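Reproduced below: query06.tsv, with TSV, C-alpha atoms.
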chain	number	residue	atom	x	y	z
A	205	MET	CA	-47.67	65.77	-165.75
A	206	PRO	CA	-50.87	64.01	-164.73
A	207	ASN	CA	-53.90	64.47	-166.88
A	208	ALA	CA	-56.79	66.66	-165.75
A	209	LYS	CA	-58.97	63.74	-164.62
A	210	VAL	CA	-56.30	62.28	-162.31
A	211	LEU	CA	-55.45	65.73	-160.97
A	212	SER	CA	-59.09	66.50	-160.17
A	213	GLU	CA	-59.45	63.11	-158.42
A	214	LYS	CA	-56.41	63.82	-156.27
A	215	GLN	CA	-57.68	67.31	-155.45
A	216	ALA	CA	-61.00	65.79	-154.36
A	217	ILE	CA	-59.16	63.31	-152.10
A	218	VAL	CA	-57.12	66.14	-150.54
A	219	ALA	CA	-60.28	68.21	-150.01
A	220	ALA	CA	-62.03	65.25	-148.30
A	221	LEU	CA	-58.96	64.59	-146.13
A	222	THR	CA	-58.74	68.27	-145.21
A	223	ASP	CA	-62.39	68.28	-144.16
A	224	LYS	CA	-61.94	65.15	-142.03
A	225	LEU	CA	-58.78	66.53	-140.40
A	226	GLN	CA	-60.54	69.78	-139.50
A	227	ASN	CA	-63.43	67.91	-137.85
A	228	ALA	CA	-61.34	65.22	-136.14
A	229	ALA	CA	-60.99	65.28	-132.36
A	230	ALA	CA	-57.66	63.47	-132.67
A	231	GLY	CA	-55.63	61.35	-135.02
A	232	LEU	CA	-52.41	59.43	-135.47
A	233	ILE	CA	-50.15	58.64	-138.38
A	234	VAL	CA	-48.76	55.13	-138.31
A	235	ASP	CA	-46.07	53.11	-140.08
A	236	TYR	CA	-47.77	49.78	-140.81
A	237	LYS	CA	-44.87	48.07	-142.62
A	238	GLY	CA	-44.74	44.31	-142.12
A	239	ILE	CA	-48.19	43.54	-140.69
A	240	THR	CA	-50.08	40.60	-142.11
A	241	VAL	CA	-53.53	40.68	-143.68
A	242	ALA	CA	-55.01	38.96	-140.62
A	243	GLU	CA	-53.43	41.55	-138.28
A	244	ASP	CA	-54.67	44.39	-140.48
A	245	THR	CA	-58.18	42.92	-140.57
A	246	ALA	CA	-58.24	42.62	-136.76
A	247	LEU	CA	-56.98	46.20	-136.41
A	248	ARG	CA	-59.65	47.54	-138.76
A	249	ALA	CA	-62.37	45.64	-136.86
A	250	GLU	CA	-61.13	47.09	-133.55
A	251	CYS	CA	-61.08	50.57	-135.10
A	252	ARG	CA	-64.68	50.20	-136.31
A	253	GLU	CA	-65.82	49.08	-132.83
A	254	ASN	CA	-64.26	52.22	-131.32
A	255	ASN	CA	-65.53	54.60	-134.03
A	256	VAL	CA	-61.99	55.22	-135.33
A	257	GLU	CA	-61.49	55.80	-139.05
A	258	TYR	CA	-58.40	53.96	-140.28
A	259	ALA	CA	-57.06	54.17	-143.82
A	260	VAL	CA	-53.85	53.90	-145.78
A	261	VAL	CA	-53.10	57.29	-147.33
A	262	LYS	CA	-50.51	58.43	-149.84
A	263	ASN	CA	-47.89	60.63	-148.18
A	264	THR	CA	-48.13	63.38	-150.79
A	265	LEU	CA	-51.90	63.70	-150.48
A	266	LEU	CA	-51.72	63.65	-146.69
A	267	ARG	CA	-48.97	66.29	-146.76
A	268	PHE	CA	-51.22	68.63	-148.78
A	269	ALA	CA	-54.12	68.03	-146.37
A	270	PHE	CA	-51.89	68.60	-143.30
A	271	ASN	CA	-50.64	71.86	-144.79
A	272	ASN	CA	-54.24	72.95	-145.46
A	273	VAL	CA	-55.18	72.56	-141.77
A	274	GLY	CA	-51.95	73.90	-140.24
A	275	LEU	CA	-50.36	70.59	-139.26
A	276	SER	CA	-47.26	71.04	-141.42
A	277	GLU	CA	-45.07	70.01	-138.44
A	278	LEU	CA	-46.02	66.41	-139.27
A	279	ASP	CA	-44.53	66.63	-142.80
A	280	ASP	CA	-41.24	65.12	-141.60
A	281	GLN	CA	-43.11	61.97	-140.50
A	282	LEU	CA	-44.65	61.37	-143.91
A	283	ASN	CA	-42.24	58.87	-145.40
A	284	GLY	CA	-42.45	55.14	-145.99
A	285	THR	CA	-45.72	53.34	-145.45
A	286	THR	CA	-48.30	55.60	-143.81
A	287	SER	CA	-51.78	55.07	-142.49
A	288	LEU	CA	-54.05	57.51	-140.72
A	289	ALA	CA	-56.28	56.73	-137.74
A	290	MET	CA	-58.65	59.42	-136.50
A	291	CYS	CA	-61.83	59.82	-134.52
A	292	MET	CA	-64.38	62.61	-134.80
A	293	ASP	CA	-65.80	62.46	-131.27
A	294	ASP	CA	-63.40	60.71	-128.85
A	295	PRO	CA	-59.85	62.13	-128.71
A	296	VAL	CA	-58.59	59.14	-126.72
A	297	ALA	CA	-59.90	56.30	-128.93
A	298	PRO	CA	-57.27	56.44	-131.73
A	299	ALA	CA	-54.39	56.53	-129.25
A	300	ARG	CA	-55.82	53.66	-127.20
A	301	VAL	CA	-56.54	51.36	-130.16
A	302	ILE	CA	-53.36	52.07	-132.13
A	303	ALA	CA	-51.04	51.95	-129.08
A	304	GLU	CA	-52.53	48.58	-128.13
A	305	TYR	CA	-51.72	47.21	-131.58
A	306	ALA	CA	-48.25	48.79	-131.54
A	307	LYS	CA	-47.53	46.80	-128.36
A	308	LYS	CA	-48.98	43.56	-129.79
A	309	LEU	CA	-47.10	43.83	-133.07
A	310	ASN	CA	-43.78	44.82	-131.54
A	311	GLY	CA	-41.67	46.51	-134.20
A	312	LYS	CA	-44.02	45.97	-137.15
A	313	PHE	CA	-46.46	48.73	-136.33
A	314	GLU	CA	-45.11	52.08	-135.18
A	315	ILE	CA	-46.78	55.39	-134.28
A	316	LYS	CA	-45.07	58.21	-136.18
A	317	GLY	CA	-46.95	61.20	-134.79
A	318	GLY	CA	-50.31	62.57	-133.82
A	319	PHE	CA	-52.58	65.55	-133.51
A	320	MET	CA	-55.44	66.58	-131.27
A	321	GLU	CA	-57.85	69.47	-131.76
A	322	GLY	CA	-55.75	70.95	-134.57
A	323	LYS	CA	-52.40	70.80	-132.73
A	324	VAL	CA	-49.50	68.40	-133.10
A	325	ILE	CA	-48.91	66.24	-130.01
A	326	SER	CA	-45.78	64.39	-128.93
A	327	LEU	CA	-45.43	60.61	-128.74
A	328	ASP	CA	-45.33	60.93	-124.93
A	329	THR	CA	-48.75	62.58	-125.05
A	330	VAL	CA	-50.03	59.82	-127.35
A	331	ASN	CA	-48.84	57.19	-124.87
A	332	ALA	CA	-50.42	59.10	-121.97
A	333	LEU	CA	-53.73	59.27	-123.86
A	334	ALA	CA	-53.50	55.55	-124.63
A	335	SER	CA	-53.38	54.74	-120.93
A	336	ILE	CA	-56.74	56.44	-120.26
A	337	PRO	CA	-59.55	53.87	-120.03
A	338	ALA	CA	-62.50	53.94	-122.43
A	339	LEU	CA	-65.36	56.35	-121.67
A	340	PRO	CA	-67.81	53.68	-120.39
A	341	VAL	CA	-65.11	52.40	-118.00
A	342	LEU	CA	-64.46	55.92	-116.70
A	343	GLN	CA	-68.19	56.50	-116.21
A	344	ALA	CA	-68.50	53.24	-114.26
A	345	GLN	CA	-65.55	54.21	-112.06
A	346	VAL	CA	-67.07	57.61	-111.27
A	347	LEU	CA	-70.47	56.05	-110.55
A	348	GLY	CA	-68.87	53.44	-108.30
A	349	THR	CA	-67.03	56.15	-106.39
A	350	MET	CA	-70.26	58.10	-105.91
A	351	LEU	CA	-72.25	55.04	-104.78
A	352	ALA	CA	-69.62	53.72	-102.33
A	353	PRO	CA	-70.54	56.01	-99.37
A	354	ILE	CA	-74.26	55.33	-99.83
A	355	SER	CA	-73.69	51.57	-99.95
A	356	ALA	CA	-71.51	51.72	-96.85
A	357	LEU	CA	-74.19	53.70	-94.99
A	358	ALA	CA	-76.86	51.14	-95.94
A	359	CYS	CA	-74.67	48.29	-94.67
A	360	VAL	CA	-74.02	50.07	-91.37
A	361	LEU	CA	-77.71	50.82	-90.84
A	362	LYS	CA	-78.59	47.18	-91.58
A	363	GLN	CA	-75.99	45.96	-89.09
A	364	ILE	CA	-77.27	48.35	-86.40
A	365	ALA	CA	-80.84	47.19	-86.97
A	366	GLU	CA	-79.83	43.52	-86.78
A	367	LYS	CA	-77.71	44.17	-83.66
A	368	ASP	CA	-80.73	45.56	-81.83
A	369	GLY	CA	-82.45	42.22	-82.33
A	370	ALA	CA	-84.88	43.13	-85.09
A	371	PRO	CA	-84.46	41.70	-88.57
A	372	ALA	CA	-83.55	44.33	-91.14
A	373	GLU	CA	-86.93	44.11	-92.93
A	374	GLU	CA	-88.91	44.83	-89.72
A	375	ALA	CA	-86.60	47.70	-88.76
A	376	ALA	CA	-87.06	49.26	-92.19
A	377	ALA	CA	-90.86	48.98	-91.92
A	378	GLU	CA	-90.99	50.82	-88.59

Before anything else, please render the file you have as structure tokens.
Amino acid sequence: MPNAKVLSEKQAIVAALTDKLQNAAAGLIVDYKGITVAEDTALRAECRENNVEYAVVKNTLLRFAFNNVGLSELDDQLNGTTSLAMCMDDPVAPARVIAEYAKKLNGKFEIKGGFMEGKVISLDTVNALASIPALPVLQAQVLGTMLAPISALACVLKQIAEKDGAPAEEAAAE
């Protein structure tokens, strides 16, 4: 039986994990067995750049936190080495970063399960989320799609003005 100090420390960790899980947009649990220190350091740097919290967590403490937030379906995945990656604002970021590393470190780094907005998601859903580009890339694609017709119209008008014999600058001034 653990002493009162250790028990209170563990209860505080579970409470903090529960709070983070409730506020997380999405998260993944990962088996990190066999990765090197250099690979782990690179992964953590990539997670920080994408605002993803990544930490190694004891299975028992994570199980209590999952049960507190209604994610008890993930209990079966909590065996062996377990780490948790989650993001508070971007539900796609954890899947994208972790899936990229799972591909790089073939066999050493495996996604066990995931959750999004308080619900357990399948590995197929995780892989689908991982294929979505980052938010700035999506914004650039949408902006490019919106600007394409306007750019094409400007090119056509310039060609018409030049065809009539007037340079584009003079035609625009008239």

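From CA of Gly311 in chain A back to CA of Ile336 in chain A, the distance works out to 22.8 Å.
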
Distance of CA of Glu277 in chain A from CA of Phe319 in chain A, expressed in Å to one decimal place: 10.0 Å

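Separating CA of Asn254 in chain A from CA of Ala297 in chain A is a distance of 6.4 Å.
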
Near-Glu250 in chain A list (12 Å; all atoms listed in the file; drop same-chain fewer than 4 positions) as a PyMOL selection string: chain A and resi 243-246+254-258+289+297-298+300-302+304-305

Can you pull out every residue within 12 Å of Leu221 in chain A, counting all atoms listed in the file, but drop anything in the same chain fewer than 4 positions away, and send it as a PDB file with C-alpha atoms, in the coordinates of the input?
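In the end it all went to out-v5.pdb:
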ATOM      1  CA  LYS A 214     -56.410  63.820-156.270  1.00  0.00           C
ATOM      2  CA  GLN A 215     -57.680  67.310-155.450  1.00  0.00           C
ATOM      3  CA  ALA A 216     -61.000  65.790-154.360  1.00  0.00           C
ATOM      4  CA  ILE A 217     -59.160  63.310-152.100  1.00  0.00           C
ATOM      5  CA  LEU A 225     -58.780  66.530-140.400  1.00  0.00           C
ATOM      6  CA  GLN A 226     -60.540  69.780-139.500  1.00  0.00           C
ATOM      7  CA  ASN A 227     -63.430  67.910-137.850  1.00  0.00           C
ATOM      8  CA  ALA A 228     -61.340  65.220-136.140  1.00  0.00           C
ATOM      9  CA  GLU A 257     -61.490  55.800-139.050  1.00  0.00           C
ATOM     10  CA  ALA A 259     -57.060  54.170-143.820  1.00  0.00           C
ATOM     11  CA  VAL A 260     -53.850  53.900-145.780  1.00  0.00           C
ATOM     12  CA  VAL A 261     -53.100  57.290-147.330  1.00  0.00           C
ATOM     13  CA  LYS A 262     -50.510  58.430-149.840  1.00  0.00           C
ATOM     14  CA  ASN A 263     -47.890  60.630-148.180  1.00  0.00           C
ATOM     15  CA  THR A 264     -48.130  63.380-150.790  1.00  0.00           C
ATOM     16  CA  LEU A 265     -51.900  63.700-150.480  1.00  0.00           C
ATOM     17  CA  LEU A 266     -51.720  63.650-146.690  1.00  0.00           C
ATOM     18  CA  ARG A 267     -48.970  66.290-146.760  1.00  0.00           C
ATOM     19  CA  PHE A 268     -51.220  68.630-148.780  1.00  0.00           C
ATOM     20  CA  ALA A 269     -54.120  68.030-146.370  1.00  0.00           C
ATOM     21  CA  PHE A 270     -51.890  68.600-143.300  1.00  0.00           C
ATOM     22  CA  ASN A 271     -50.640  71.860-144.790  1.00  0.00           C
ATOM     23  CA  ASN A 272     -54.240  72.950-145.460  1.00  0.00           C
ATOM     24  CA  VAL A 273     -55.180  72.560-141.770  1.00  0.00           C
ATOM     25  CA  LEU A 288     -54.050  57.510-140.720  1.00  0.00           C
ATOM     26  CA  ALA A 289     -56.280  56.730-137.740  1.00  0.00           C
ATOM     27  CA  MET A 290     -58.650  59.420-136.500  1.00  0.00           C
TER      28      MET A 290
END

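For the set A:Gln363, A:Ser326, A:Gln343, A:Ser335, the residue with the smallest atom-to-atom gap to Gly231 in chain A is A:Ser326, counting all atoms listed in the file.
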